[in-house]
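Data first, discussion second: the structure below is written as structure tokens.
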Amino acid sequence: MSSNPFRLQQPQRQPRDLRKVQPQIQGADLKIQMRMKNVKYKIAVLSGKGGVGKSFVSSNLSMALAAAGKKVGIVDVDFHGPSVPKMLGVRGQVLTADDEGIIPVNGPFGIKVVSIDFLLPKDDTPVVWRGAIKHTAIKQFLGDVKWGELDYLIIDLPPGTGDEALSVAQLVPNLTGFIIVTIPSEVSTLAVSKSVNFAKTINAKILGIIENMSYFICPADNKPYYIFGEGKGKKMAEDMGVELLGQVPLDPKIAEANDLGEPFFLKYPDSPASKEFLSIADKVMKIVESNTK
């Protein structure tokens, strides 16, 4: 087995003989199609703004789907800030490979996890890649990994609508759709609305919007307090003509679990946030699975 199964190379800017390059491109795309045909639903999680808890949403939605009995995988393509492994409690593990491909890390509830974080030698090692290399890495994450039979593959994208989002939209065959993450602030909704328009521009389905950090439940009186404002996620969903999938509350235990590298959904299954993720997962399953019947 190899401790570093990914061998990324800078693609040639001006190949001398396109006839030699074309079969390689077709072969990579064929590998992706072969792997992805065993995955029923492929969902990309996107936000136009950083700091809204997109990776937290991706990780906990994955666990909620798995807790509902689904076979789930998650691929972290946020190359410059990979945080899914820590939020799932599997940071520090490594990817290995055999003759059939790269073996994903096994996470909570049997979730299959792939992230560039598993390949970095140190915590502070930066990933200094241009768009072409990130495109190649996404191809390998999709086509070289032994995903096996999955009900759901969650694709955690970096903030914005740049290279990674375009690559996923281009490379993933029959992409089920995008889930957009926002928080209830005017600055966030302005930026995140661009993500909705991005999905519409490329004719991709938008499954809905999740509003994170929606409100805080005060332990003293058990009442919700809308710290960042009330109703912005709902209004955004209505204005953009998409569904509001859920509103995840603020909880100090979320930051505590994330900092400790402990899966929040697993550690606090009875919390309001975990129950909201179960509700969101139920909505997502009804939306995507009803469309295939």
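Labels used: A, B, ... for chains in the order of the structure tokens, numbers from 1 for residues in each chain, and numbers from 1 for ligands as shown.
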
From a DSSP pass on the backbone, collect the residues of region 55-285 of chain A flagged as strand (DSSP E or B) and hand them back as a ChimeraX atom specification. /A:72-76,96-98,101-103,105-106,112-115,145,150-156,177-182,206-211,216-217,224-225,244-247,250

The selected residues should be written to file as a PDB file, in the first residue's frame (atoms: C-alpha atoms).
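Listing of out_19.pdb after writing:
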ATOM      1  CA  VAL A  72     -23.125   8.016   2.713  1.00  0.00           C
ATOM      2  CA  GLY A  73     -19.816   9.363   1.458  1.00  0.00           C
ATOM      3  CA  ILE A  74     -18.410  12.872   1.762  1.00  0.00           C
ATOM      4  CA  VAL A  75     -15.680  14.400  -0.394  1.00  0.00           C
ATOM      5  CA  ASP A  76     -14.018  17.558   0.881  1.00  0.00           C
ATOM      6  CA  THR A  96      -4.221   4.253   1.374  1.00  0.00           C
ATOM      7  CA  ALA A  97      -4.663   2.433  -1.911  1.00  0.00           C
ATOM      8  CA  ASP A  98      -4.769  -1.043  -3.384  1.00  0.00           C
ATOM      9  CA  GLY A 101      -8.133   2.363  -6.174  1.00  0.00           C
ATOM     10  CA  ILE A 102      -7.913   4.695  -3.203  1.00  0.00           C
ATOM     11  CA  ILE A 103      -9.561   3.566   0.030  1.00  0.00           C
ATOM     12  CA  VAL A 105     -11.306   6.835   5.535  1.00  0.00           C
ATOM     13  CA  ASN A 106     -14.129   5.297   7.556  1.00  0.00           C
ATOM     14  CA  LYS A 112     -16.711   7.236   3.641  1.00  0.00           C
ATOM     15  CA  VAL A 113     -14.499  10.335   3.855  1.00  0.00           C
ATOM     16  CA  VAL A 114     -11.956  11.774   1.399  1.00  0.00           C
ATOM     17  CA  SER A 115     -10.093  15.038   1.948  1.00  0.00           C
ATOM     18  CA  VAL A 145     -11.579   6.488  -4.949  1.00  0.00           C
ATOM     19  CA  LEU A 150     -23.667   4.783  -1.944  1.00  0.00           C
ATOM     20  CA  ASP A 151     -27.065   6.347  -1.497  1.00  0.00           C
ATOM     21  CA  TYR A 152     -25.621   9.850  -1.043  1.00  0.00           C
ATOM     22  CA  LEU A 153     -22.313  11.529  -1.858  1.00  0.00           C
ATOM     23  CA  ILE A 154     -22.027  14.943  -0.215  1.00  0.00           C
ATOM     24  CA  ILE A 155     -19.517  17.263  -1.900  1.00  0.00           C
ATOM     25  CA  ASP A 156     -18.264  20.003   0.408  1.00  0.00           C
ATOM     26  CA  GLY A 177     -28.278  19.418  -7.104  1.00  0.00           C
ATOM     27  CA  PHE A 178     -26.874  22.102  -4.831  1.00  0.00           C
ATOM     28  CA  ILE A 179     -27.674  22.922  -1.217  1.00  0.00           C
ATOM     29  CA  ILE A 180     -26.893  26.548  -0.360  1.00  0.00           C
ATOM     30  CA  VAL A 181     -25.765  27.548   3.151  1.00  0.00           C
ATOM     31  CA  THR A 182     -26.275  31.022   4.604  1.00  0.00           C
ATOM     32  CA  ILE A 206     -31.155  23.868  -6.231  1.00  0.00           C
ATOM     33  CA  LEU A 207     -32.471  21.541  -3.540  1.00  0.00           C
ATOM     34  CA  GLY A 208     -32.837  24.342  -1.032  1.00  0.00           C
ATOM     35  CA  ILE A 209     -31.248  26.735   1.441  1.00  0.00           C
ATOM     36  CA  ILE A 210     -30.071  25.962   4.968  1.00  0.00           C
ATOM     37  CA  GLU A 211     -29.829  28.882   7.369  1.00  0.00           C
ATOM     38  CA  PHE A 216     -29.946  31.114  20.011  1.00  0.00           C
ATOM     39  CA  ILE A 217     -32.049  29.306  22.601  1.00  0.00           C
ATOM     40  CA  PRO A 224     -35.175  31.806  20.909  1.00  0.00           C
ATOM     41  CA  TYR A 225     -33.195  34.990  20.348  1.00  0.00           C
ATOM     42  CA  LEU A 244     -35.834  26.732   2.994  1.00  0.00           C
ATOM     43  CA  LEU A 245     -34.707  23.300   4.190  1.00  0.00           C
ATOM     44  CA  GLY A 246     -34.067  24.266   7.782  1.00  0.00           C
ATOM     45  CA  GLN A 247     -32.761  26.698  10.365  1.00  0.00           C
ATOM     46  CA  LEU A 250     -26.479  28.564  17.497  1.00  0.00           C
TER      47      LEU A 250
END

For this session: Would you list, as a ChimeraX atom specification, the residues of region 61-291 of chain A that end up in alpha helix (DSSP H) under DSSP run on this structure's backbone?
Result: /A:61-67,84-87,131-143,163-171,186-201,232-240,252-260,264-267,272-290

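Here the question is which of A:Lys71, A:Phe264, A:Ser193, A:Glu186 gets nearest to Glu238 (chain A) using only C-alpha atoms, and that residue is A:Ser193.
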
If you measure from CA of Leu142 (chain A) to CA of Asn258 (chain A), what distance in Å do you get, rounded to one decimal?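 Spanning CA of Leu142 (chain A) to CA of Asn258 (chain A) is a straight-line distance of 26.4 Å.
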
Please tabulate, as a Markdown table, the residues of region 270-290 of chain A that come within 12 Å of region 48-56 of chain A, each with its closest pair of atoms and the distance in Å to one decimal, counting only C-alpha atoms and ordering rows by chain, then residue number upward.
| residue | atom | partner | partner_atom | distance |
| --- | --- | --- | --- | --- |
| A:Ala273 | CA | A:Phe56 | CA | 11.2 |
| A:Ser274 | CA | A:Phe56 | CA | 11.5 |
| A:Phe277 | CA | A:Phe56 | CA | 10.9 |

Print the selection's residues with all heavy atoms to a file, as a PDB file, in the first residue's frame.
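What ended up in result.pdb:
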ATOM      1  N   ALA A 273     -30.003  21.448  17.505  1.00  0.00           N
ATOM      2  CA  ALA A 273     -29.311  21.495  16.210  1.00  0.00           C
ATOM      3  C   ALA A 273     -29.297  20.119  15.552  1.00  0.00           C
ATOM      4  O   ALA A 273     -29.551  19.996  14.345  1.00  0.00           O
ATOM      5  CB  ALA A 273     -27.887  22.015  16.389  1.00  0.00           C
ATOM      6  N   SER A 274     -29.009  19.071  16.319  1.00  0.00           N
ATOM      7  CA  SER A 274     -28.986  17.712  15.758  1.00  0.00           C
ATOM      8  C   SER A 274     -30.370  17.295  15.288  1.00  0.00           C
ATOM      9  O   SER A 274     -30.519  16.653  14.233  1.00  0.00           O
ATOM     10  CB  SER A 274     -28.457  16.721  16.797  1.00  0.00           C
ATOM     11  OG  SER A 274     -27.091  16.960  17.064  1.00  0.00           O
ATOM     12  N   PHE A 277     -31.008  18.871  11.998  1.00  0.00           N
ATOM     13  CA  PHE A 277     -30.327  18.167  10.900  1.00  0.00           C
ATOM     14  C   PHE A 277     -31.089  16.916  10.490  1.00  0.00           C
ATOM     15  O   PHE A 277     -31.133  16.570   9.304  1.00  0.00           O
ATOM     16  CB  PHE A 277     -28.887  17.822  11.283  1.00  0.00           C
ATOM     17  CG  PHE A 277     -27.918  18.951  11.053  1.00  0.00           C
ATOM     18  CD1 PHE A 277     -27.275  19.564  12.124  1.00  0.00           C
ATOM     19  CD2 PHE A 277     -27.655  19.420   9.777  1.00  0.00           C
ATOM     20  CE1 PHE A 277     -26.391  20.609  11.924  1.00  0.00           C
ATOM     21  CE2 PHE A 277     -26.767  20.471   9.559  1.00  0.00           C
ATOM     22  CZ  PHE A 277     -26.132  21.066  10.644  1.00  0.00           C
TER      23      PHE A 277
END

- Which residues come within 9 Å of Asp117 (chain A), counting only C-alpha atoms, excluding same-chain residues fewer than 3 positions away, as number ranges by chain? A: 76, 79, 81-85, 91-94, 114, 120-121, 123

Generate a file of the selected residues that holds C-alpha atoms, formatted as a compact mmCIF listing (two decimals), in the first residue's frame.
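selection.txt, freshly written:
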# COMPACT_ATOMS: atom_id res chain seq x y z
CA ASP A 76 -14.02 17.56 0.88
CA PHE A 79 -8.45 22.29 -0.65
CA GLY A 81 -9.25 25.04 4.23
CA PRO A 82 -10.18 21.37 4.67
CA SER A 83 -12.11 20.95 7.92
CA VAL A 84 -14.49 18.03 7.29
CA PRO A 85 -12.10 15.41 8.78
CA ARG A 91 -8.39 13.94 11.46
CA GLY A 92 -4.92 12.41 11.50
CA GLN A 93 -5.82 9.36 9.48
CA VAL A 94 -4.31 8.72 6.04
CA VAL A 114 -11.96 11.77 1.40
CA LEU A 120 -0.86 16.99 4.30
CA PRO A 121 2.36 16.31 6.25
CA ASP A 123 -1.14 21.04 10.22

Taken to one decimal, the CA of Ile183 (chain A)-CA of Gly233 (chain A) distance is 7.0 Å

Between A:Ser47, A:Thr176, A:Thr189, A:Ser167, smallest distance to Gly231 (chain A) by only C-alpha atoms belongs to A:Thr189

Extract, using only C-alpha atoms, all DNA, RNA and protein residues at most 12 Å from Thr201 (chain A), discarding same-chain residues fewer than 6 positions from it, and format them as a PyMOL selection string. chain A and resi 161+166+169+194-195

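For the pair CA of Gly261 (chain A) and CA of Val57 (chain A), the interatomic distance is 15.0 Å.
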
Of A:Met213, A:Leu46, A:Val242, A:Asn38, the one sitting nearest Val168 (chain A) when using only C-alpha atoms is A:Leu46
